[in-house]
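Structure record follows, encoded as structure tokens.
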Amino acid sequence: MASILKAQKANASRADDKRKGKRKADDMDVDEVTEVPVAKKKRNKQRVLLLSSRGITHRMRHFMNDLEALLPQVKKDSKLDSKSQLHLLPELADLNNCNNTLYFEARRHEDLYLWAAKTPNGPSIKMHVQNVHTMDELKMTGNCLKGSRGLLSFDKAFEDTEWGRLTKELFTQIFGVPSTARRAKPFIDHILTFSILDSKIWFRNFQIIEKDPLQPNGPPQTTLVEIGPRFVLTPIRIFEGAFGGATVFSNPEFISPSAVRSALRREQGGKYNNRKDAEEENMRRKEMRKRGEDALAVSKVFA
């Protein structure tokens, strides 16, 4: 009996050694020339979950479809029912095996907000989306391969501020297409540009053309042609965690679109009130003039 137990322990120890050796072999690669184990390169496993809230319009939906076509590492999910349950988004990203999230939040069927977050630990940025133009609206002449990888170009202004550096790193991981993405093509034929102007982030997409289309047999000449979509992002707040947590940055210059609309309504209401006050003043002056006429006035003598 003791010999049987010793044999079982020996077999178990040999199996453990084999498993450990297999794990080490998986972590290492073998050089074809020297046959020396070499550490494998770290793979870029960035996957993005794309979803929206209820109440988006057709233009917002077309804009989301353009982003899905632009990023082959995106996984699209169904709409989130409640806007107050943002704490469920990291769990949804984990279920879809994603470590980045792009969440579009629609308000009043006209205002669109974009949440860009690293899940599950953060950080996350809430931005207001303006001046959205989809690919169908722009009617641009550029046309790149669907699923191709794109170069990321950032303005120098991103390095001037802390929130700019944080946003640049977050956008690099979200919009940078990994070479090992499942639907990615092994081509780089367009450039995604991010620029900062008036404390806003301007997004443009350009196709790289090697030859002049008017002279196909001429010398090679690299040019850029805009494809679309195009949009402008206004950063509102940066949170330490994913969709919540301590506030790292708050934009003091941001004014919500509802506040702008209420100010316009107050201005229009003020004009209406001033016009009604002027009409009442004119009526009061006419009544005063009628009371001031004497009994020998021309209008009464020759009435």
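Each chain of the structure tokens is named A, B, ... in the order shown, its residues numbered from 1; ligands are numbered from 1 in display order.
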
Which residues in range 26-194 of chain A does DSSP call strand (DSSP E or B)? List them as a PyMOL selection string.
chain A and resi 28-30+37-39+48-53+74-76+80+100-107+111-118+124-133+148-154+185-194

Counting only C-alpha atoms, which residues in range 119-235 of chain A sit no more than 6 Å from range 69-86 of chain A? For each one, give the nearest pair of atoms and the distance in Å, sorted by chain then residue number, as CSV.
```
residue,atom,partner,partner_atom,distance
A:Gly147,CA,A:Pro72,CA,5.2
A:Ala181,CA,A:Gln73,CA,5.8
A:Arg183,CA,A:Pro72,CA,5.4
A:Ala184,CA,A:Pro72,CA,5.5
```

Between CA of Phe239 in chain A and CA of Glu162 in chain A, what is the distance in Å, rounded to a tenth?
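Answer for the CA of Phe239 in chain A to CA of Glu162 in chain A separation: 13.4 Å.
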
Nearest residue to Gly245 in chain A out of A:Met288, A:Ile125, A:Ala278, A:Leu51, using only C-alpha atoms?
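Among A:Met288, A:Ile125, A:Ala278, A:Leu51, it is A:Ile125 that comes nearest to Gly245 in chain A.
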
With only C-alpha atoms counted and 12 Å as the cut-off, give the residues of range 219-281 of chain A in contact with range 88-99 of chain A, each with its shortest interatomic distance in Å and the pair that gives it, as a Markdown table.
```
| residue | atom | partner | partner_atom | distance |
| --- | --- | --- | --- | --- |
| A:Gly241 | CA | A:Pro90 | CA | 10.3 |
| A:Ala242 | CA | A:Pro90 | CA | 7.1 |
| A:Phe243 | CA | A:Leu89 | CA | 7.9 |
| A:Gly244 | CA | A:Pro90 | CA | 10.9 |
```

Residues near Phe104 in chain A, cut-off 6 Å, only C-alpha atoms, skip fewer than 5 positions along chain, as a PyMOL selection string
chain A and resi 52+113-114

What's the 9 Å shell around Pro257 in chain A, counting only C-alpha atoms, without same-chain residues fewer than 4 positions away, as a compact mmCIF listing (two decimals) with C-alpha atoms, in the first residue's frame?
```txt
# COMPACT_ATOMS: atom_id res chain seq x y z
CA ASP A 111 -28.16 66.47 -26.70
CA ARG A 261 -31.61 77.17 -24.27
CA SER A 262 -33.14 78.50 -21.05
```

Need the shell around Thr247 in chain A: protein/DNA/RNA residues with any atom at most 8 Å away, counting only C-alpha atoms. Skip same-chain ones fewer than 6 positions apart. Format as JSON, numbers by chain?
{"A": [237, 238, 239, 240]}

9 Å contact set for Pro229 in chain A, only C-alpha atoms, chain neighbours under 2 positions out, as a PyMOL selection string:
chain A and resi 63+66-67+132-138+203-205+226-227+231

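Among the candidates A:Lys286, A:Arg182, A:Arg230, A:Arg59, the residue lying nearest to Phe206 in chain A is A:Arg230 (atoms considered: only C-alpha atoms).
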
Among the residues of range 10-238 of chain A, find those DSSP assigns to helix (DSSP H, G or I) from the backbone and print them as number ranges by chain.
A: 10-27, 58-70, 86-95, 135-138, 156-159, 162-175

Kindly indicate which residue among A:Ile201, A:Glu159, A:Thr101, A:His109 lies nearest to Asn121 in chain A, using only C-alpha atoms for the distances.
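Among the listed residues, A:Thr101 lies closest to Asn121 in chain A.
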
Pick out the residues sitting within 8 Å of Ile191 in chain A, and hand them over as a PDB file with N, CA, C and O atoms, in the first residue's frame; count only C-alpha atoms, and ignore anything fewer than 2 positions along from it in its own chain.
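File produced: out.pdb:
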```pdb
ATOM      1  N   GLY A 150      -5.557  52.475 -38.620  1.00  0.00           N
ATOM      2  CA  GLY A 150      -5.304  53.890 -38.879  1.00  0.00           C
ATOM      3  C   GLY A 150      -4.225  54.438 -37.965  1.00  0.00           C
ATOM      4  O   GLY A 150      -4.037  53.976 -36.833  1.00  0.00           O
ATOM      5  N   LEU A 151      -3.507  55.429 -38.464  1.00  0.00           N
ATOM      6  CA  LEU A 151      -2.524  56.134 -37.654  1.00  0.00           C
ATOM      7  C   LEU A 151      -3.223  57.178 -36.801  1.00  0.00           C
ATOM      8  O   LEU A 151      -4.197  57.807 -37.241  1.00  0.00           O
ATOM      9  N   LEU A 152      -2.732  57.384 -35.590  1.00  0.00           N
ATOM     10  CA  LEU A 152      -3.288  58.379 -34.684  1.00  0.00           C
ATOM     11  C   LEU A 152      -2.362  59.587 -34.662  1.00  0.00           C
ATOM     12  O   LEU A 152      -1.149  59.457 -34.446  1.00  0.00           O
ATOM     13  N   SER A 153      -2.934  60.765 -34.889  1.00  0.00           N
ATOM     14  CA  SER A 153      -2.180  62.013 -34.884  1.00  0.00           C
ATOM     15  C   SER A 153      -2.797  62.944 -33.847  1.00  0.00           C
ATOM     16  O   SER A 153      -3.987  63.272 -33.928  1.00  0.00           O
ATOM     17  N   ASP A 189      -4.137  52.807 -44.121  1.00  0.00           N
ATOM     18  CA  ASP A 189      -4.446  53.697 -45.242  1.00  0.00           C
ATOM     19  C   ASP A 189      -5.238  54.924 -44.825  1.00  0.00           C
ATOM     20  O   ASP A 189      -5.777  55.623 -45.678  1.00  0.00           O
ATOM     21  N   THR A 193      -7.067  62.164 -36.748  1.00  0.00           N
ATOM     22  CA  THR A 193      -6.424  63.337 -36.165  1.00  0.00           C
ATOM     23  C   THR A 193      -7.279  63.881 -35.021  1.00  0.00           C
ATOM     24  O   THR A 193      -8.509  63.963 -35.128  1.00  0.00           O
ATOM     25  N   ASN A 205     -10.925  62.474 -39.996  1.00  0.00           N
ATOM     26  CA  ASN A 205     -10.441  61.208 -40.547  1.00  0.00           C
ATOM     27  C   ASN A 205     -10.027  61.444 -41.997  1.00  0.00           C
ATOM     28  O   ASN A 205     -10.840  61.888 -42.812  1.00  0.00           O
ATOM     29  N   PHE A 206      -8.764  61.144 -42.320  1.00  0.00           N
ATOM     30  CA  PHE A 206      -8.224  61.387 -43.655  1.00  0.00           C
ATOM     31  C   PHE A 206      -7.702  60.084 -44.251  1.00  0.00           C
ATOM     32  O   PHE A 206      -7.121  59.252 -43.549  1.00  0.00           O
ATOM     33  N   GLN A 207      -7.907  59.925 -45.553  1.00  0.00           N
ATOM     34  CA  GLN A 207      -7.361  58.788 -46.281  1.00  0.00           C
ATOM     35  C   GLN A 207      -5.999  59.156 -46.853  1.00  0.00           C
ATOM     36  O   GLN A 207      -5.778  60.274 -47.310  1.00  0.00           O
ATOM     37  N   ILE A 208      -5.079  58.200 -46.838  1.00  0.00           N
ATOM     38  CA  ILE A 208      -3.741  58.392 -47.403  1.00  0.00           C
ATOM     39  C   ILE A 208      -3.767  57.904 -48.847  1.00  0.00           C
ATOM     40  O   ILE A 208      -4.016  56.719 -49.111  1.00  0.00           O
TER      41      ILE A 208
END
```

Top pick for closest residue to Asp198 in chain A, considering A:Ala106, A:Val232, A:Leu166, A:Val225 and counting only C-alpha atoms
A:Val232

Between CA of Val48 in chain A and CA of Gly122 in chain A, what is the spacing in Å?
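Between CA of Gly122 in chain A and CA of Val48 in chain A the gap works out to 13.7 Å.
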